[in-house]
$ cat data-v3.cif   # mmCIF, C-alpha atoms and all ligand atoms
data_model
loop_
_atom_site.label_atom_id
_atom_site.label_comp_id
_atom_site.auth_asym_id
_atom_site.auth_seq_id
_atom_site.Cartn_x
_atom_site.Cartn_y
_atom_site.Cartn_z
CA MET X 10 168.92 85.24 111.43
CA SER X 11 169.03 88.89 110.68
CA GLU X 12 165.90 90.95 111.09
CA GLN X 13 164.06 91.41 107.85
CA LYS X 14 163.60 94.97 106.78
CA LEU X 15 160.01 95.58 105.77
CA TRP X 16 160.28 99.23 104.99
CA LEU X 17 162.21 100.09 101.92
CA ASN X 18 163.16 103.59 101.05
CA LEU X 19 159.73 105.19 101.04
CA SER X 20 159.49 108.74 99.92
CA GLU X 21 157.71 111.38 101.99
CA GLU X 22 154.85 111.13 99.53
CA ASP X 23 154.62 107.34 99.93
CA VAL X 24 154.53 107.68 103.71
CA GLN X 25 151.71 110.23 103.46
CA THR X 26 149.81 108.00 101.04
CA LEU X 27 150.19 105.08 103.45
CA ALA X 28 148.89 107.21 106.32
CA ALA X 29 145.92 108.32 104.21
CA LEU X 30 145.14 104.72 103.20
CA GLN X 31 145.46 103.62 106.80
CA ALA X 32 142.80 106.14 107.85
CA GLU X 33 140.61 105.34 104.84
CA MET X 34 140.76 101.58 105.39
CA GLY X 35 140.42 101.91 109.17
CA LEU X 36 143.55 99.91 109.83
CA GLY X 37 145.76 99.97 112.90
CA GLY X 38 149.08 100.77 111.32
CA PRO X 39 151.04 101.26 108.12
CA ASP X 40 152.20 97.64 108.26
CA GLU X 41 148.57 96.50 108.11
CA VAL X 42 148.04 98.73 105.09
CA MET X 43 151.06 97.17 103.43
CA HIS X 44 149.74 93.68 104.13
CA ALA X 45 146.31 94.57 102.75
CA LEU X 46 147.87 96.00 99.59
CA ILE X 47 150.06 92.95 99.15
CA ARG X 48 147.05 90.65 99.53
CA GLN X 49 145.14 92.68 96.93
CA ALA X 50 148.05 92.58 94.53
CA HIS X 51 148.44 88.86 95.10
CA THR X 52 144.75 88.27 94.43
CA ARG X 53 145.12 90.06 91.13
CA ALA X 54 148.33 88.27 90.25
CA ALA X 55 147.30 84.75 91.26
CA ILE X 56 144.47 84.15 88.85
CA SER X 57 142.80 80.80 88.63
CA CYS X 58 140.56 80.07 85.69
CA PRO X 59 136.86 79.86 86.63
CA ALA X 60 136.33 77.30 83.88
CA CYS X 61 139.03 74.73 84.57
CA GLY X 62 140.90 75.89 87.68
CA HIS X 63 144.22 76.18 85.92
CA SER X 64 146.33 79.23 86.54
CA ALA X 65 145.90 82.08 84.12
CA HIS X 66 148.29 84.87 83.35
CA LEU X 67 147.69 88.56 82.80
CA THR X 68 147.65 89.77 79.23
CA ALA X 69 146.59 93.29 80.18
CA GLU X 70 145.71 95.18 83.33
CA ASP X 71 142.23 93.70 83.46
CA SER X 72 142.37 90.69 81.21
CA ALA X 73 144.06 87.33 81.36
CA ARG X 74 144.32 84.10 79.45
CA CYS X 75 144.06 80.63 80.91
CA ASP X 76 147.00 78.36 80.18
CA GLY X 77 144.82 75.28 80.60
CA CYS X 78 141.73 75.83 78.46
CA MET X 79 142.77 79.03 76.66
CA SER X 80 139.75 80.94 77.94
CA ILE X 81 139.98 84.71 77.90
CA LEU X 82 139.21 86.17 81.31
CA GLN X 83 138.30 89.68 82.24
CA LEU X 84 138.41 91.39 85.63
CA SER X 85 135.00 92.72 86.53
CA ASP X 86 134.39 94.15 90.02
CA GLN X 87 137.49 92.35 91.30
CA ILE X 88 136.18 89.02 90.00
CA TRP X 89 137.64 87.17 87.05
CA THR X 90 134.93 86.19 84.59
CA ILE X 91 135.15 84.23 81.37
CA VAL X 92 134.79 86.30 78.24
CA THR X 93 135.43 83.64 75.65
CA THR X 94 136.16 79.96 75.77
CA ARG X 95 137.87 78.05 73.07
CA PRO X 96 135.44 75.67 71.40
CA THR X 97 136.10 72.10 72.38
CA THR X 98 137.68 70.06 69.67
CA ALA X 99 135.75 67.01 68.61
ZN ZN J 1 140.93 77.42 82.02
#
$ encode --input "data-v3.cif" --output "C-alpha cells"
Amino acid sequence: MSEQKLWLNLSEEDVQTLAALQAEMGLGGPDEVMHALIRQAHTRAAISCPACGHSAHLTAEDSARCDGCMSILQLSDQIWTIVTTRPTTA
C-alpha cells in the first residue's frame, strides 16, 4: 500500500489561511484543521430531513429539498429546519 498523500498542491495563501484557522480554532496542527473543515463540509452535505429522516439534497447554499417527503429545508444557525412541507394527500 502506498502512502496516501493528504496535502495537495496548496498555495502559499492556502497554507497561511490554514495556519490562521489553526490558531483561531485552537487546534494542534494543520491536519486537524483539515479534518475539522471536512467534518463541517460533510455535515452540510449529508442532510437528513428533520420530518421523515430521508436524505435531502442541496438546492442552494442554504436550502435543500427532501427526496422522501418533499419538504423544503433551510439552514439556520447550522441546523436544517423545515420551511414548508407538502400537504399530505388524502
Ligand atoms: Zn422528508
$ atom_distance --input "data-v3.cif" --atom1 "CA of Leu82 in chain X" --atom2 "CA of Thr52 in chain X"
14.4 Å
$ residues_around --input "data-v3.cif" --residues "Ala73 in chain X" --least-positions-apart "5" --cutoff "10 Å" --atoms "only C-alpha atoms" --output "NGL selection string"
:X and (54 or 56-58 or 64-68 or 79-84 or 89-92)
$ residues_near_ligand --input "data-v3.cif" --ligand "ligand ZN 1 (chain J)" --cutoff "6 Å" --atoms "all atoms listed in the file" --output "VMD selection string"
chain X and resid 58 60 to 63 75 77 to 80
$ atom_distance --input "data-v3.cif" --atom1 "CA of Asp40 in chain X" --atom2 "CA of Leu17 in chain X"
12.1 Å
$ atom_distance --input "data-v3.cif" --atom1 "CA of Gly38 in chain X" --atom2 "CA of Gln87 in chain X"
24.6 Å
$ decode --input "data-v3.cif" --residues "range 38-73 of chain X" --atoms "N, CA and C atoms" --output "CSV table (one decimal), in the first residue's frame"
chain,number,residue,atom,x,y,z
X,38,GLY,N,-2.7,21.2,14.8
X,38,GLY,CA,-1.9,21.1,13.6
X,38,GLY,C,-2.8,21.3,12.4
X,39,PRO,N,-2.2,21.6,11.2
X,39,PRO,CA,-3.0,21.9,10.0
X,39,PRO,C,-3.8,20.7,9.6
X,40,ASP,N,-3.3,19.4,10.0
X,40,ASP,CA,-4.1,18.3,9.6
X,40,ASP,C,-5.4,18.2,10.4
X,41,GLU,N,-5.4,18.7,11.7
X,41,GLU,CA,-6.6,18.8,12.5
X,41,GLU,C,-7.6,19.8,11.9
X,42,VAL,N,-7.0,20.9,11.4
X,42,VAL,CA,-7.9,21.9,10.8
X,42,VAL,C,-8.6,21.3,9.6
X,43,MET,N,-7.8,20.6,8.8
X,43,MET,CA,-8.3,20.0,7.6
X,43,MET,C,-9.5,19.0,7.9
X,44,HIS,N,-9.2,18.2,9.0
X,44,HIS,CA,-10.3,17.3,9.4
X,44,HIS,C,-11.5,18.0,9.9
X,45,ALA,N,-11.3,19.1,10.7
X,45,ALA,CA,-12.5,19.8,11.1
X,45,ALA,C,-13.3,20.4,10.0
X,46,LEU,N,-12.5,20.9,9.0
X,46,LEU,CA,-13.2,21.5,7.8
X,46,LEU,C,-14.0,20.5,7.0
X,47,ILE,N,-13.3,19.3,6.9
X,47,ILE,CA,-14.0,18.2,6.2
X,47,ILE,C,-15.3,17.8,6.9
X,48,ARG,N,-15.2,17.7,8.2
X,48,ARG,CA,-16.4,17.3,9.0
X,48,ARG,C,-17.5,18.3,8.8
X,49,GLN,N,-17.1,19.6,8.9
X,49,GLN,CA,-18.1,20.7,8.7
X,49,GLN,C,-18.8,20.6,7.3
X,50,ALA,N,-17.9,20.3,6.3
X,50,ALA,CA,-18.4,20.2,4.9
X,50,ALA,C,-19.4,19.0,4.8
X,51,HIS,N,-19.0,18.0,5.5
X,51,HIS,CA,-19.8,16.7,5.4
X,51,HIS,C,-21.1,16.9,6.1
X,52,THR,N,-21.1,17.6,7.2
X,52,THR,CA,-22.3,17.9,7.9
X,52,THR,C,-23.3,18.7,7.0
X,53,ARG,N,-22.7,19.6,6.3
X,53,ARG,CA,-23.6,20.4,5.4
X,53,ARG,C,-24.1,19.6,4.2
X,54,ALA,N,-23.2,18.7,3.7
X,54,ALA,CA,-23.5,17.9,2.5
X,54,ALA,C,-24.5,16.8,2.9
X,55,ALA,N,-24.3,16.1,4.0
X,55,ALA,CA,-25.1,15.0,4.4
X,55,ALA,C,-26.3,15.5,5.2
X,56,ILE,N,-27.3,15.8,4.5
X,56,ILE,CA,-28.5,16.4,5.1
X,56,ILE,C,-29.5,15.3,5.3
X,57,SER,N,-30.1,15.2,6.5
X,57,SER,CA,-31.2,14.3,6.7
X,57,SER,C,-32.4,15.1,7.1
X,58,CYS,N,-33.5,14.8,6.5
X,58,CYS,CA,-34.7,15.5,6.7
X,58,CYS,C,-35.2,15.4,8.1
X,59,PRO,N,-35.5,16.6,8.8
X,59,PRO,CA,-36.0,16.5,10.2
X,59,PRO,C,-37.4,15.9,10.3
X,60,ALA,N,-38.1,15.9,9.2
X,60,ALA,CA,-39.5,15.5,9.2
X,60,ALA,C,-39.6,14.0,9.0
X,61,CYS,N,-38.8,13.4,8.1
X,61,CYS,CA,-39.0,12.0,7.8
X,61,CYS,C,-37.7,11.2,7.9
X,62,GLY,N,-36.6,11.9,8.0
X,62,GLY,CA,-35.3,11.2,8.1
X,62,GLY,C,-34.7,10.7,6.8
X,63,HIS,N,-35.4,11.0,5.7
X,63,HIS,CA,-34.8,10.7,4.4
X,63,HIS,C,-33.6,11.7,4.2
X,64,SER,N,-32.8,11.3,3.2
X,64,SER,CA,-31.7,12.3,2.8
X,64,SER,C,-32.3,13.4,2.0
X,65,ALA,N,-31.8,14.5,2.2
X,65,ALA,CA,-32.2,15.7,1.3
X,65,ALA,C,-31.0,16.2,0.5
X,66,HIS,N,-31.3,16.9,-0.5
X,66,HIS,CA,-30.2,17.4,-1.3
X,66,HIS,C,-30.2,18.9,-1.4
X,67,LEU,N,-29.1,19.5,-1.5
X,67,LEU,CA,-29.0,20.9,-1.6
X,67,LEU,C,-29.6,21.5,-2.9
X,68,THR,N,-30.4,22.5,-2.7
X,68,THR,CA,-30.9,23.2,-3.9
X,68,THR,C,-30.3,24.6,-4.0
X,69,ALA,N,-29.7,25.1,-2.9
X,69,ALA,CA,-29.0,26.3,-2.9
X,69,ALA,C,-28.0,26.2,-1.7
X,70,GLU,N,-27.2,27.3,-1.5
X,70,GLU,CA,-26.2,27.2,-0.5
X,70,GLU,C,-26.8,26.9,0.9
X,71,ASP,N,-28.0,27.4,1.1
X,71,ASP,CA,-28.6,27.3,2.5
X,71,ASP,C,-30.0,26.7,2.4
X,72,SER,N,-30.3,26.0,1.3
X,72,SER,CA,-31.6,25.4,1.3
X,72,SER,C,-31.5,24.1,0.6
X,73,ALA,N,-32.4,23.2,1.0
X,73,ALA,CA,-32.4,21.8,0.5
X,73,ALA,C,-33.8,21.3,0.4
